[in-house]
Amino acid sequence: VISDALYNRQRMVEEKFNSTIESTVNDAGLTTITNNVKGGTDICDAMFYYADKTMATALSGILFDWTDNGVTDFTAPWWDQRIQNDYSIGSHIFLMDGEINIRDDLRTMVLIYNKTLYDSYGYNGTYGTPYKKVSEGEWSLDVLLEMIKDKTEDPKNDKGMWGLLSENSGPYTFFLGTGLKSVSNDQGEITSHVGDQTVYEALEKCLSLAANTDVMIANNGNHFVGGSVWDDVSDVFMEGHALFRSTTLSAVNRLLEMKDDYGILPIPNGGNSKEYYCYASGTNTTPVAIPRNVAEPEKALTMLEALAFYSMTSDSGNYNSLHDAFYTLMGDARLARTYEDTEMLNIIFSSKTYDIDQCSSITGFESSYFNLAKAGNVNSLNATVKAATKMANTKVSSFMKSIAEQYGD
């Protein structure tokens with residue numbers, strides 16, 4: 001379904017603009033592009049590559065600045081709105097994403113829950129349906145923590161019963177879900193908040209998940225030996241040994257044989273806002289960028305705008321758009337079978353959040369926090385935050401100065 005949609009989209013754009021679109025997959029592509037841009041050689045019109053690695057090339061002046069280009073409709077529904085704020089640097093925009101690319105959807109962090117267990121625990125009576133809580137903006141981290149603590153043990157279950165299955169990056173994902181960030185970005189104005197009290201309290205609460213006996217951190221080395229950690233933890237959930245699992249949407253493909261019914265939810269919010277923030281990590285997503293020395297920038301931008309537009313709609317209606325094909329795929333994965341399922345996906349996709357600090361390696365705090373989660377080391381958070389606070393502002397200033405030297409203020 002997806003392959004057909006991609007083929008039809010390309011054919012539509014090629015016919016409309018009397019052009020040919022050629023693509024290639026090259027693991028060394030970013031190095032090749034960097035070397036060619038520095039050498040003054042026009043090698044391609046656009047590239048899709050991991051956000052953190054692509055953003056790093058901006059420090060060398062490799063990327064085209066999308067700002068005020070006169071072609072891109074930045075407010076259009078086929079472009080993601082949050083990425084334009086979260087990844088902007090000063091007055092510059094180097095990365096874009098949206099309907100043109102389904103990987104950002106597949107690699108967005110979500111929460112899967114076992115509907116069968118939820119019903120058997122009587123949670124619909126105690127808490128109401130998760131879908132209703134999400135729709136009313138009341139799906140919060142505190143509610144999740146209460147649910148996983150309240151889960152019922154099964155004495156016949158020799159594998160135990162877990163409230164939540166997560167991973168080393170899970171606590172940071174839940175922290176971002178509160179709407180707070182250690183380094184914020186307001187239309188390109190990047191500010192460190194590592195030492196803020198509200199940030200610290202949220203970091204502490206989320207890090208406590210790594211030491212919670214009702215939570216399995218699957219890849220910290222204590223649960224699975226040999227084989228695939230992700231297959232193994234998927235089996236734990238699929239066999240009905242956990243109520244919730246935090247993961248990327250793509251991991252749902254491992255649950256197709258699951259007998260229990262399951263559903264999908266956004267990452268819970270911090271309880272002080274009805275908005276949701278589902279993390280799309282720069283390590284896993286591949287937004288589109290343009291080399292700075294592209295020969296015909298207006299043509300490249302026009303073709304990308306058309307590809308994005310025709311990802312969302314088909315001109316004649318004779319074939320499924322990439323958007324429609326993706327929801328068909330989600331239906332096959334048992335995640336878009338009802339109105340509520342589709343509503344959850346829409347909320348998740350419109351609630352992506354991106355972290356400029358992680359993507360651009362500005363302060364390195366995310367990595368330090370990750371290591372604390374991996375070790376379940378809640379007690380060292382205070383020292384880690386203090387150490388990060390000392391240098392955070394200097395690192396942010398140095399980063400902004402480097403971008404200004406390449407692109408101006």
# chains A, B, ... in the order shown; residues from 1 in each chain; ligands from 1
$ closest_atom_pairs --of "stretch 280-359 of chain A" --to "stretch 110-118 of chain A" --cutoff "12 Å" --atoms "only C-alpha atoms" --output "tab-separated table"
residue	atom	partner	partner_atom	distance
A:Ala280	CA	A:Val110	CA	9.7
A:Arg334	CA	A:Ile112	CA	11.6
A:Leu335	CA	A:Ile112	CA	9.8
A:Asp341	CA	A:Ile112	CA	11.4
A:Met344	CA	A:Val110	CA	10.1
A:Leu345	CA	A:Val110	CA	9.5
A:Ile347	CA	A:Val110	CA	10.8
A:Ile348	CA	A:Val110	CA	7.5
A:Phe349	CA	A:Val110	CA	10.0
A:Ser351	CA	A:Val110	CA	10.7
A:Lys352	CA	A:Val110	CA	10.1
A:Thr353	CA	A:Val110	CA	11.9
$ write_last_selection --atoms "N, CA, C and O atoms" --output "mmCIF file, in the first residue's frame"
data_model
loop_
_atom_site.group_PDB
_atom_site.id
_atom_site.type_symbol
_atom_site.label_atom_id
_atom_site.label_comp_id
_atom_site.auth_asym_id
_atom_site.auth_seq_id
_atom_site.Cartn_x
_atom_site.Cartn_y
_atom_site.Cartn_z
ATOM 1 N N ALA A 280 9.656 13.097 19.053
ATOM 2 C CA ALA A 280 10.204 12.579 17.800
ATOM 3 C C ALA A 280 11.709 12.844 17.844
ATOM 4 O O ALA A 280 12.161 13.956 17.576
ATOM 5 N N ARG A 334 -4.071 -2.840 13.510
ATOM 6 C CA ARG A 334 -5.090 -2.806 14.568
ATOM 7 C C ARG A 334 -5.023 -1.515 15.374
ATOM 8 O O ARG A 334 -5.341 -1.494 16.546
ATOM 9 N N LEU A 335 -4.629 -0.419 14.745
ATOM 10 C CA LEU A 335 -4.554 0.854 15.455
ATOM 11 C C LEU A 335 -5.418 1.938 14.850
ATOM 12 O O LEU A 335 -5.385 3.073 15.301
ATOM 13 N N ASP A 341 -9.608 5.244 17.764
ATOM 14 C CA ASP A 341 -8.236 4.927 17.363
ATOM 15 C C ASP A 341 -7.675 6.006 16.438
ATOM 16 O O ASP A 341 -6.561 6.495 16.617
ATOM 17 N N MET A 344 -6.886 9.207 18.236
ATOM 18 C CA MET A 344 -5.629 9.150 18.994
ATOM 19 C C MET A 344 -4.435 9.369 18.064
ATOM 20 O O MET A 344 -3.499 10.105 18.403
ATOM 21 N N LEU A 345 -4.441 8.739 16.900
ATOM 22 C CA LEU A 345 -3.344 8.926 15.946
ATOM 23 C C LEU A 345 -3.249 10.383 15.512
ATOM 24 O O LEU A 345 -2.152 10.944 15.424
ATOM 25 N N ILE A 347 -4.168 13.018 17.191
ATOM 26 C CA ILE A 347 -3.638 13.796 18.312
ATOM 27 C C ILE A 347 -2.132 13.599 18.426
ATOM 28 O O ILE A 347 -1.370 14.561 18.612
ATOM 29 N N ILE A 348 -1.685 12.373 18.306
ATOM 30 C CA ILE A 348 -0.251 12.064 18.406
ATOM 31 C C ILE A 348 0.533 12.785 17.318
ATOM 32 O O ILE A 348 1.552 13.431 17.591
ATOM 33 N N PHE A 349 0.058 12.695 16.088
ATOM 34 C CA PHE A 349 0.811 13.274 14.970
ATOM 35 C C PHE A 349 0.815 14.801 15.000
ATOM 36 O O PHE A 349 1.747 15.427 14.496
ATOM 37 N N SER A 351 0.934 16.389 17.786
ATOM 38 C CA SER A 351 1.530 16.738 19.077
ATOM 39 C C SER A 351 3.006 16.375 19.165
ATOM 40 O O SER A 351 3.555 16.283 20.263
ATOM 41 N N LYS A 352 3.637 16.178 18.028
ATOM 42 C CA LYS A 352 5.066 15.850 18.058
ATOM 43 C C LYS A 352 5.859 16.986 18.703
ATOM 44 O O LYS A 352 5.530 18.164 18.520
ATOM 45 N N THR A 353 6.886 16.622 19.431
ATOM 46 C CA THR A 353 7.799 17.629 19.963
ATOM 47 C C THR A 353 9.214 17.227 19.616
ATOM 48 O O THR A 353 9.551 16.039 19.584
#
$ residues_around --residues "A:Asp357" --least-positions-apart "3" --cutoff "10 Å" --atoms "only C-alpha atoms" --output "number ranges by chain"
A: 52, 86-87, 181-185, 190-192, 282, 354, 360-366, 396
$ residues_around --residues "A:Asp105" --least-positions-apart "6" --cutoff "12 Å" --atoms "only C-alpha atoms" --output "PyMOL selection string"
chain A and resi 80+97-99+248-251+278-281+284-287+323+326-327+330+345-353
$ write_last_selection --atoms "C-alpha atoms" --output "mmCIF file, in the first residue's frame"
data_model
loop_
_atom_site.group_PDB
_atom_site.id
_atom_site.type_symbol
_atom_site.label_atom_id
_atom_site.label_comp_id
_atom_site.auth_asym_id
_atom_site.auth_seq_id
_atom_site.Cartn_x
_atom_site.Cartn_y
_atom_site.Cartn_z
ATOM 1 C CA ASP A 80 4.597 19.917 10.573
ATOM 2 C CA ASP A 97 9.016 17.518 7.913
ATOM 3 C CA GLY A 98 5.385 16.570 7.558
ATOM 4 C CA GLU A 99 3.194 14.549 5.205
ATOM 5 C CA THR A 248 7.862 4.187 18.881
ATOM 6 C CA LEU A 249 4.817 3.655 16.727
ATOM 7 C CA SER A 250 6.826 1.397 14.392
ATOM 8 C CA ALA A 251 7.199 -1.197 17.174
ATOM 9 C CA CYS A 278 5.072 13.160 21.824
ATOM 10 C CA TYR A 279 8.814 12.995 21.306
ATOM 11 C CA ALA A 280 10.204 12.579 17.800
ATOM 12 C CA SER A 281 13.881 12.020 18.482
ATOM 13 C CA ASN A 284 15.383 8.301 14.749
ATOM 14 C CA THR A 285 13.636 10.764 12.428
ATOM 15 C CA THR A 286 14.745 11.819 8.941
ATOM 16 C CA PRO A 287 13.424 15.286 8.024
ATOM 17 C CA HIS A 323 -1.605 9.955 4.060
ATOM 18 C CA PHE A 326 -0.547 5.233 6.041
ATOM 19 C CA TYR A 327 -3.896 5.077 7.855
ATOM 20 C CA MET A 330 -2.363 1.520 10.783
ATOM 21 C CA LEU A 345 -3.344 8.926 15.946
ATOM 22 C CA ASN A 346 -4.384 12.412 14.838
ATOM 23 C CA ILE A 347 -3.638 13.796 18.312
ATOM 24 C CA ILE A 348 -0.251 12.064 18.406
ATOM 25 C CA PHE A 349 0.811 13.274 14.970
ATOM 26 C CA SER A 350 -0.228 16.853 15.703
ATOM 27 C CA SER A 351 1.530 16.738 19.077
ATOM 28 C CA LYS A 352 5.066 15.850 18.058
ATOM 29 C CA THR A 353 7.799 17.629 19.963
#
$ atom_distance --atom1 "atom CA of A:Ser169" --atom2 "atom CA of A:Gly376"
11.7 Å
$ residues_around --residues "A:Arg9" --least-positions-apart "3" --cutoff "10 Å" --atoms "only C-alpha atoms" --output "number ranges by chain"
A: 3-6, 12-14, 100, 306-315, 319-322
$ select_by_dssp --residues "stretch 263-361 of chain A" --states "strand (DSSP E or B)" --output "MDAnalysis selection string"
chainID A and resid 263:265 269 278:280 288:289 291 352:353
$ write_last_selection --atoms "C-alpha atoms" --output "short mmCIF file (atom, residue, chain, number, x, y, z; two decimals), in the first residue's frame"
data_model
loop_
_atom_site.label_atom_id
_atom_site.label_comp_id
_atom_site.auth_asym_id
_atom_site.auth_seq_id
_atom_site.Cartn_x
_atom_site.Cartn_y
_atom_site.Cartn_z
CA GLY A 263 -4.89 0.60 21.86
CA ILE A 264 -2.61 3.59 21.44
CA LEU A 265 -2.30 6.80 23.43
CA ASN A 269 1.14 15.43 29.71
CA CYS A 278 5.07 13.16 21.82
CA TYR A 279 8.81 12.99 21.31
CA ALA A 280 10.20 12.58 17.80
CA VAL A 288 14.15 16.90 4.68
CA ALA A 289 17.03 19.34 4.17
CA PRO A 291 22.22 21.51 0.42
CA LYS A 352 5.07 15.85 18.06
CA THR A 353 7.80 17.63 19.96
#
$ select_by_dssp --residues "stretch 54-215 of chain A" --states "alpha helix (DSSP H)" --output "PyMOL selection string"
chain A and resi 54-56+81-86+103-106+115-120+123-126+130-135+141-149+170-177+197-207
$ atom_distance --atom1 "atom CA of A:Gly90" --atom2 "atom CA of A:Pro268"
29.9 Å
$ residues_around --residues "A:Leu381" --least-positions-apart "2" --cutoff "8 Å" --atoms "only C-alpha atoms" --output "list in words"
Glu204, Tyr369, Leu372, Asn377, Val378, Asn379, Ala383, Thr384 and Val385 of chain A
$ closest_residue --among "A:Ile62, A:Ala211, A:Val199, A:Cys206" --to "A:Gly39" --atoms "only C-alpha atoms"
A:Ile62
$ residues_around --residues "A:Met216" --least-positions-apart "6" --cutoff "7 Å" --atoms "only C-alpha atoms" --output "MDAnalysis selection string"
chainID A and resid 162 164:166
